[in-house]
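Below is the file final.cif, which contains mmCIF, C-alpha atoms.
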```cif
data_query
#
loop_
_atom_site.label_atom_id
_atom_site.label_comp_id
_atom_site.auth_asym_id
_atom_site.auth_seq_id
_atom_site.Cartn_x
_atom_site.Cartn_y
_atom_site.Cartn_z
CA MET M 885 0.00 0.00 0.00
CA LYS M 886 1.35 3.43 -1.00
CA ARG M 887 0.31 6.82 0.36
CA VAL M 888 -1.17 9.16 -2.25
CA LEU M 889 -1.37 12.81 -1.20
CA VAL M 890 -4.14 14.75 -2.96
CA SER M 891 -3.83 18.52 -2.44
CA GLU M 892 -6.73 19.71 -4.59
CA THR M 893 -10.24 18.46 -5.27
CA ILE M 894 -10.52 15.72 -7.89
CA ALA M 895 -13.47 13.54 -8.84
CA GLU M 896 -14.55 11.06 -6.20
CA ALA M 897 -14.40 8.32 -8.82
CA GLY M 898 -10.65 8.89 -9.12
CA LEU M 899 -10.16 8.74 -5.37
CA ASP M 900 -12.22 5.54 -5.25
CA LEU M 901 -10.12 3.97 -8.00
CA LEU M 902 -6.92 4.56 -6.03
CA GLY M 903 -8.51 3.37 -2.81
CA SER M 904 -9.79 0.18 -4.42
CA ALA M 905 -6.25 -0.51 -5.62
CA GLY M 906 -5.20 -0.65 -1.98
CA HIS M 907 -3.56 2.76 -1.69
CA ASP M 908 -3.91 5.15 1.26
CA VAL M 909 -5.57 8.21 -0.26
CA ASP M 910 -4.72 11.25 1.88
CA VAL M 911 -6.77 14.29 0.85
CA GLN M 912 -5.42 17.54 2.33
CA LEU M 913 -6.91 20.63 0.72
CA GLY M 914 -5.85 24.25 1.15
CA LEU M 915 -2.25 23.54 2.14
CA THR M 916 0.20 26.41 2.30
CA PRO M 917 3.52 25.91 0.48
CA GLU M 918 5.10 25.09 3.84
CA GLY M 919 2.24 22.77 4.72
CA LEU M 920 2.60 20.96 1.42
CA CYS M 921 6.30 20.38 2.08
CA GLU M 922 5.37 18.83 5.43
CA ALA M 923 2.47 16.77 4.09
CA VAL M 924 4.42 15.32 1.14
CA VAL M 925 6.96 13.66 3.44
CA GLY M 926 6.48 9.90 3.13
CA ALA M 927 4.04 10.14 0.20
CA SER M 928 4.69 8.00 -2.87
CA ALA M 929 2.41 10.07 -5.10
CA LEU M 930 1.16 13.64 -5.19
CA ILE M 931 -1.92 14.67 -7.16
CA VAL M 932 -2.60 18.34 -7.90
CA ARG M 933 -4.63 20.51 -10.23
CA SER M 934 -3.52 24.00 -11.32
CA ALA M 935 -3.33 25.91 -8.02
CA THR M 936 -0.63 23.86 -6.30
CA GLN M 937 2.98 24.73 -7.16
CA VAL M 938 5.12 21.61 -7.18
CA ASP M 939 8.50 23.31 -7.06
CA ALA M 940 12.01 22.20 -6.14
CA ALA M 941 11.28 22.58 -2.42
CA VAL M 942 8.27 20.27 -2.58
CA LEU M 943 10.18 17.70 -4.60
CA ALA M 944 13.12 17.87 -2.18
CA ALA M 945 10.77 17.25 0.74
CA GLY M 946 9.03 14.38 -1.04
CA THR M 947 11.97 11.99 -0.95
CA ASP M 948 9.66 8.98 -1.41
CA LEU M 949 7.79 10.42 -4.38
CA VAL M 950 7.47 8.14 -7.37
CA VAL M 951 4.96 10.19 -9.34
CA VAL M 952 3.34 13.62 -9.47
CA GLY M 953 -0.04 13.69 -11.20
CA ARG M 954 -1.54 16.87 -12.66
CA ALA M 955 -5.30 16.39 -13.03
CA GLY M 956 -5.50 18.44 -16.22
CA VAL M 957 -3.47 19.32 -19.28
CA GLY M 958 -0.80 21.97 -18.61
CA VAL M 959 2.05 21.13 -16.24
CA ASP M 960 3.60 24.60 -15.90
CA ASN M 961 2.87 24.48 -12.13
CA VAL M 962 5.19 21.45 -11.84
CA ASP M 963 8.98 21.72 -12.03
CA VAL M 964 9.28 18.90 -14.54
CA ALA M 965 13.04 19.28 -14.94
CA GLU M 966 13.64 18.96 -11.20
CA ALA M 967 11.25 16.00 -11.02
CA SER M 968 13.23 14.32 -13.80
CA ASN M 969 16.48 14.97 -11.95
CA ARG M 970 15.02 13.22 -8.92
CA GLY M 971 13.61 10.31 -10.89
CA VAL M 972 10.00 11.34 -10.28
CA THR M 973 7.53 10.67 -13.08
CA VAL M 974 5.17 13.53 -13.96
CA VAL M 975 1.85 12.59 -15.54
CA ASN M 976 -1.15 14.56 -16.75
CA ALA M 977 -4.61 14.05 -18.26
CA PRO M 978 -4.24 15.60 -21.72
CA LEU M 979 -7.57 14.49 -23.16
CA SER M 980 -9.80 15.23 -20.20
CA ASN M 981 -10.83 18.81 -20.88
CA VAL M 982 -10.57 19.30 -24.63
CA THR M 983 -14.32 19.56 -25.23
CA SER M 984 -14.88 21.79 -22.21
CA ALA M 985 -12.05 24.13 -23.20
CA ALA M 986 -13.31 24.33 -26.78
CA GLU M 987 -16.85 25.08 -25.64
CA HIS M 988 -15.66 27.78 -23.23
CA SER M 989 -13.67 29.34 -26.07
CA MET M 990 -16.87 29.53 -28.09
CA ALA M 991 -18.78 30.89 -25.09
CA LEU M 992 -16.25 33.72 -24.71
CA LEU M 993 -16.15 34.30 -28.45
CA LEU M 994 -19.91 34.85 -28.46
CA ALA M 995 -19.90 36.82 -25.21
CA GLN M 996 -17.28 39.16 -26.67
CA ALA M 997 -19.07 39.51 -30.02
CA ARG M 998 -22.44 40.30 -28.42
CA ASN M 999 -21.39 42.13 -25.23
CA VAL M 1000 -23.29 39.62 -23.14
CA PRO M 1001 -21.64 40.28 -19.74
CA GLN M 1002 -21.85 44.06 -20.09
CA ALA M 1003 -25.50 44.01 -21.14
CA HIS M 1004 -26.34 41.58 -18.34
CA ALA M 1005 -24.67 43.78 -15.73
CA ALA M 1006 -26.43 46.90 -17.03
CA LEU M 1007 -29.87 45.32 -16.96
CA GLN M 1008 -29.30 43.82 -13.52
CA ALA M 1009 -28.42 47.33 -12.38
CA GLY M 1010 -31.74 48.62 -13.73
CA ARG M 1011 -30.51 50.12 -17.02
CA TRP M 1012 -32.14 49.20 -20.34
CA GLU M 1013 -29.23 49.94 -22.70
CA ARG M 1014 -30.25 48.17 -25.86
CA SER M 1015 -28.63 50.54 -28.34
CA GLN M 1016 -25.35 50.81 -26.44
CA TRP M 1017 -24.48 47.13 -26.73
CA GLN M 1018 -24.62 46.61 -30.47
CA GLY M 1019 -22.59 43.53 -31.35
CA VAL M 1020 -21.16 41.84 -34.42
CA GLU M 1021 -21.99 38.55 -36.10
CA LEU M 1022 -19.58 35.64 -36.37
CA ALA M 1023 -20.92 34.67 -39.79
CA GLY M 1024 -18.65 35.78 -42.59
CA LYS M 1025 -15.82 36.73 -40.23
CA THR M 1026 -12.29 35.30 -40.20
CA LEU M 1027 -11.20 33.33 -37.13
CA GLY M 1028 -7.48 33.00 -36.50
CA VAL M 1029 -6.68 29.86 -34.52
CA VAL M 1030 -3.28 29.97 -32.83
CA GLY M 1031 -2.43 26.36 -32.03
CA LEU M 1032 -4.33 23.82 -34.11
CA GLY M 1033 -4.06 20.88 -31.74
CA ARG M 1034 -6.94 18.94 -30.22
CA ILE M 1035 -8.71 21.97 -28.74
CA GLY M 1036 -7.93 24.28 -31.65
CA LEU M 1037 -9.41 21.78 -34.08
CA LEU M 1038 -12.61 21.51 -32.01
CA VAL M 1039 -12.94 25.30 -31.91
CA ALA M 1040 -12.38 25.52 -35.67
CA GLN M 1041 -15.06 22.87 -36.28
CA ARG M 1042 -17.55 24.82 -34.19
CA ALA M 1043 -16.61 28.11 -35.84
CA LEU M 1044 -17.26 26.58 -39.26
CA ALA M 1045 -20.81 25.88 -38.13
CA PHE M 1046 -21.19 29.62 -37.51
CA GLY M 1047 -20.10 30.40 -41.06
CA MET M 1048 -16.60 31.61 -40.22
CA THR M 1049 -13.49 31.37 -42.39
CA ILE M 1050 -10.52 29.74 -40.63
CA VAL M 1051 -6.86 30.71 -40.78
CA ALA M 1052 -4.42 29.01 -38.44
CA HIS M 1053 -0.88 29.25 -37.18
CA ASP M 1054 0.84 26.15 -35.85
CA PRO M 1055 4.39 25.24 -36.91
CA TYR M 1056 3.92 21.66 -35.71
CA ILE M 1057 0.92 20.55 -37.74
CA THR M 1058 0.59 19.58 -41.37
CA GLN M 1059 -1.64 20.98 -44.07
CA GLU M 1060 -3.42 17.60 -44.02
CA THR M 1061 -4.52 18.31 -40.44
CA ALA M 1062 -5.52 21.87 -41.31
CA ASP M 1063 -7.59 20.57 -44.21
CA LYS M 1064 -9.87 18.78 -41.71
CA VAL M 1065 -11.31 22.18 -40.81
CA ASN M 1066 -10.72 23.97 -44.14
CA ALA M 1067 -8.05 26.07 -42.45
CA GLU M 1068 -5.39 28.02 -44.30
CA LEU M 1069 -2.01 27.81 -42.54
CA VAL M 1070 -0.31 31.21 -42.29
CA GLU M 1071 2.44 32.92 -40.34
CA LEU M 1072 1.43 34.55 -37.07
CA ASP M 1073 1.78 38.14 -38.25
CA GLU M 1074 -0.44 37.41 -41.27
CA LEU M 1075 -3.00 35.73 -39.03
CA MET M 1076 -3.09 38.79 -36.77
CA ALA M 1077 -3.52 41.11 -39.77
CA ARG M 1078 -6.34 39.13 -41.38
CA SER M 1079 -8.41 37.92 -38.44
CA ASP M 1080 -11.58 39.42 -37.02
CA PHE M 1081 -11.34 37.07 -34.04
CA VAL M 1082 -8.37 35.13 -32.65
CA THR M 1083 -8.48 32.18 -30.28
CA MET M 1084 -5.38 30.90 -28.45
CA HIS M 1085 -4.73 27.20 -27.85
CA LEU M 1086 -1.13 26.90 -26.67
CA LEU M 1087 0.91 25.35 -23.92
CA LYS M 1088 3.03 27.75 -21.89
CA THR M 1089 6.62 27.22 -22.98
CA PRO M 1090 9.68 29.47 -23.34
CA GLU M 1091 8.72 29.84 -27.03
CA THR M 1092 5.11 30.86 -26.38
CA ILE M 1093 5.49 33.21 -23.40
CA GLY M 1094 4.55 36.70 -24.60
CA LEU M 1095 3.87 35.40 -28.11
CA ILE M 1096 1.09 37.98 -28.52
CA ASN M 1097 2.81 41.23 -27.60
CA ALA M 1098 2.49 44.91 -28.47
CA ASP M 1099 4.12 44.43 -31.86
CA MET M 1100 1.75 41.61 -32.80
CA LEU M 1101 -1.29 43.53 -31.59
CA ALA M 1102 -0.22 46.52 -33.68
CA LYS M 1103 -0.56 44.36 -36.82
CA ALA M 1104 -4.23 43.65 -36.10
CA LYS M 1105 -7.41 45.22 -37.44
CA PRO M 1106 -9.08 47.68 -35.06
CA SER M 1107 -12.05 45.28 -35.08
CA LEU M 1108 -10.04 42.32 -33.74
CA ARG M 1109 -11.32 40.49 -30.66
CA ILE M 1110 -8.96 37.97 -29.04
CA VAL M 1111 -9.90 35.01 -26.82
CA ASN M 1112 -7.53 33.05 -24.58
CA VAL M 1113 -8.64 29.86 -22.82
CA SER M 1114 -5.23 28.18 -23.03
CA ARG M 1115 -2.52 29.30 -20.60
CA GLY M 1116 -1.72 32.58 -18.93
CA GLY M 1117 1.45 34.25 -20.12
CA VAL M 1118 1.09 33.58 -23.84
CA ILE M 1119 -0.35 37.08 -24.17
CA ASP M 1120 1.43 40.12 -22.72
CA GLU M 1121 -1.28 41.37 -20.33
CA GLU M 1122 -0.06 44.96 -20.16
CA ALA M 1123 0.16 45.17 -23.95
CA LEU M 1124 -3.33 43.68 -24.37
CA ALA M 1125 -4.90 46.04 -21.82
CA SER M 1126 -3.25 49.00 -23.55
CA ALA M 1127 -4.35 47.83 -27.01
CA VAL M 1128 -8.00 47.56 -25.95
CA ARG M 1129 -7.97 50.90 -24.11
CA SER M 1130 -6.43 52.70 -27.07
CA GLY M 1131 -8.71 51.08 -29.67
CA THR M 1132 -5.83 49.26 -31.37
CA ILE M 1133 -8.13 46.24 -31.12
CA ALA M 1134 -11.81 46.04 -30.23
CA GLY M 1135 -11.72 43.71 -27.27
CA ALA M 1136 -10.69 40.48 -25.62
CA ALA M 1137 -12.08 37.63 -23.55
CA ILE M 1138 -9.60 36.05 -21.16
CA ASP M 1139 -9.91 32.95 -18.95
CA VAL M 1140 -6.26 32.44 -17.96
CA PHE M 1141 -3.72 34.81 -16.46
CA ASP M 1142 -0.03 35.32 -15.80
CA VAL M 1143 -0.57 34.99 -12.06
CA GLU M 1144 -3.58 33.23 -10.57
CA PRO M 1145 -5.70 34.06 -8.67
CA ALA M 1146 -5.62 37.09 -10.96
CA LEU M 1147 -6.90 39.74 -8.59
CA ASP M 1148 -4.36 42.37 -9.70
CA SER M 1149 -4.19 41.68 -13.44
CA PRO M 1150 -4.03 44.76 -15.67
CA LEU M 1151 -6.84 43.16 -17.69
CA LEU M 1152 -9.37 43.65 -14.89
CA GLY M 1153 -11.62 46.67 -15.11
CA VAL M 1154 -10.86 47.41 -18.77
CA ASP M 1155 -13.95 48.19 -20.83
CA GLY M 1156 -14.10 45.72 -23.70
CA ILE M 1157 -12.33 42.87 -21.89
CA VAL M 1158 -14.45 39.98 -20.63
CA VAL M 1159 -12.80 37.88 -17.91
CA THR M 1160 -13.54 34.53 -16.28
CA PRO M 1161 -11.57 32.82 -13.47
CA HIS M 1162 -9.92 29.90 -15.34
CA LEU M 1163 -13.16 28.06 -16.12
CA GLY M 1164 -12.03 26.33 -19.32
CA ALA M 1165 -11.85 22.87 -17.76
CA ASN M 1166 -14.41 23.54 -15.05
CA THR M 1167 -17.26 21.29 -16.12
CA ALA M 1168 -18.56 18.22 -14.34
CA GLU M 1169 -17.63 16.08 -17.33
CA ALA M 1170 -14.07 17.38 -17.63
CA GLN M 1171 -13.38 17.08 -13.91
CA HIS M 1172 -14.73 13.52 -13.84
CA ALA M 1173 -12.54 12.57 -16.79
CA ALA M 1174 -9.47 14.26 -15.29
CA GLY M 1175 -9.94 12.52 -11.95
CA ILE M 1176 -10.31 9.08 -13.50
CA THR M 1177 -7.44 9.58 -15.93
CA ILE M 1178 -4.95 10.88 -13.38
CA ALA M 1179 -5.84 8.13 -10.93
CA GLU M 1180 -5.22 5.53 -13.62
CA GLN M 1181 -1.85 7.10 -14.52
CA VAL M 1182 -0.74 7.30 -10.88
CA LYS M 1183 -1.81 3.73 -10.27
CA LEU M 1184 0.29 2.54 -13.21
CA ALA M 1185 3.31 4.55 -12.08
CA LEU M 1186 3.12 3.15 -8.55
CA THR M 1187 3.16 -0.41 -9.86
CA GLY M 1188 6.06 0.28 -12.20
CA GLU M 1189 4.04 -0.26 -15.36
CA PRO M 1190 4.34 1.86 -18.53
CA VAL M 1191 2.51 5.17 -18.15
CA PRO M 1192 0.91 6.45 -21.40
CA PHE M 1193 0.63 10.09 -20.31
CA ALA M 1194 4.04 10.59 -18.71
CA VAL M 1195 5.44 14.00 -19.69
CA ASN M 1196 9.06 13.33 -18.68
#
```
Please express the file's structure as structure tokens.
Amino acid sequence: MKRVLVSETIAEAGLDLLGSAGHDVDVQLGLTPEGLCEAVVGASALIVRSATQVDAAVLAAGTDLVVVGRAGVGVDNVDVAEASNRGVTVVNAPLSNVTSAAEHSMALLLAQARNVPQAHAALQAGRWERSQWQGVELAGKTLGVVGLGRIGLLVAQRALAFGMTIVAHDPYITQETADKVNAELVELDELMARSDFVTMHLLKTPETIGLINADMLAKAKPSLRIVNVSRGGVIDEEALASAVRSGTIAGAAIDVFDVEPALDSPLLGVDGIVVTPHLGANTAEAQHAAGITIAEQVKLALTGEPVPFAVN
């Protein structure tokens, strides 16, 4: 029997799977960084979501760790290099939230196009401001998809149903893949210049941090609206806030931030920017899938079997 420390809420089905395999499932929520370092002592596995930082200090304290499981896609809150140095496997659940993230991208795309949050807030406050919140249609517009992986493809498919034209930038995919959604592959600066809407679907890596910056935003149409439900940091927040305030672009809808919780982001309080608190994977279906998947991966790692979703 191995002790599995779970520091954030995952689906009960995942906890049950680990328990039925004979492991001691130790759920400790709301740990401070210091508390996590204490709690991880003696644990063979650590399961987190996006809020817990698994840094060098945590890994140093967890001398018995065999595996760290991230119940979701991105692993930028885990020091993968340090885990590798210590022989700790890092696993994730890369397929668990693709539909939820794609649907939230579409929700923000529509909310941005039709000023839904602003109109809702005005009416709730007793103001009937019908003429003020004139929107734009998606039909006939060009959607630029930055990152045409699993989620980007799902967003493109849904955008096609709205009558949009798709251009995409992704140096790692083939034209054959792009053809599945009738997408034209272009360089990023061309995508920014041609698009009426842009959606981001990227991992946070040294290459993608600040990918959309002031220079890129300056290439855009004044009517551009940009949506990010991927990872914080791929858009320069100060540059985006400035671009929307100045009218360089028309607006944005942002679900992920440089620092979370994002209570001090420059994107807050800017007219024309819709924000949500990292809800892309926050559906019952996605959380169930993530819990089951990560439990299965941790279980395999603890028994020394091959782990399909190991990231190191």
- Message: Considering all atoms listed in the file, can you say which of M:Ile1178, M:Val957, M:Asn1166, M:Ala929 comes closest to Arg1115 in chain M?
- Response: M:Val957
Tell me which residues the PyMOL selection byres ((chain M and resi 1074) around 10) grabs here, as an mmCIF file with C-alpha atoms, keeping the file's coordinate frame.
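result.cif was written with the following content:
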```cif
data_model
loop_
_atom_site.group_PDB
_atom_site.id
_atom_site.type_symbol
_atom_site.label_atom_id
_atom_site.label_comp_id
_atom_site.auth_asym_id
_atom_site.auth_seq_id
_atom_site.Cartn_x
_atom_site.Cartn_y
_atom_site.Cartn_z
ATOM 1 C CA GLY M 1028 -7.480 33.000 -36.500
ATOM 2 C CA VAL M 1051 -6.860 30.710 -40.780
ATOM 3 C CA ALA M 1052 -4.420 29.010 -38.440
ATOM 4 C CA HIS M 1053 -0.880 29.250 -37.180
ATOM 5 C CA LEU M 1069 -2.010 27.810 -42.540
ATOM 6 C CA VAL M 1070 -0.310 31.210 -42.290
ATOM 7 C CA GLU M 1071 2.440 32.920 -40.340
ATOM 8 C CA LEU M 1072 1.430 34.550 -37.070
ATOM 9 C CA ASP M 1073 1.780 38.140 -38.250
ATOM 10 C CA LEU M 1075 -3.000 35.730 -39.030
ATOM 11 C CA MET M 1076 -3.090 38.790 -36.770
ATOM 12 C CA ALA M 1077 -3.520 41.110 -39.770
ATOM 13 C CA ARG M 1078 -6.340 39.130 -41.380
ATOM 14 C CA SER M 1079 -8.410 37.920 -38.440
ATOM 15 C CA MET M 1100 1.750 41.610 -32.800
ATOM 16 C CA LYS M 1103 -0.560 44.360 -36.820
ATOM 17 C CA ALA M 1104 -4.230 43.650 -36.100
#
```
- Would you mind listing what lies within 8 Å of Ser891 in chain M as a PyMOL selection string, with only C-alpha atoms counted and same-chain residues fewer than 3 positions away left out? chain M and resi 911-915+920+930-932+936
- Item | Evaluate the PyMOL selection byres ((chain M and resi 1004-1021) around 12) and report residues as a PyMOL selection string | chain M and resi 993-1003+1022-1026+1043+1046-1048+1080-1081+1107-1109+1134-1135+1156+1158
- Run the PyMOL selection byres ((chain M and resi 983) around 9) against the file shown and list the residues it catches, as an MDAnalysis selection string. chainID M and resid 979:982 984:988 1034:1035 1038:1039 1165 1170
- Rounded to one decimal in Å, what is the spacing between CA of Gln1059 in chain M and CA of Gly1033 in chain M? 12.6 Å
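Restricting the calculation to only C-alpha atoms, the smallest distance between Val1182 in chain M and any of M:Gly953, M:Gly919, M:Gly1164, M:Pro1106 is found for M:Gly953.
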- Message: Using all atoms listed in the file, can you tell me which of M:Gln1041, M:Ala1168, M:Thr1083, M:Leu1163 comes closest to Ala1136 in chain M?
- Response: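 Distance minimum relative to Ala1136 in chain M lands on M:Thr1083.
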- Query: Pick the closest to Tyr1056 in chain M from M:Leu901, M:Ala1137, M:Ala927, M:Val1030: which is it, counting only C-alpha atoms?
  - Reply: M:Val1030
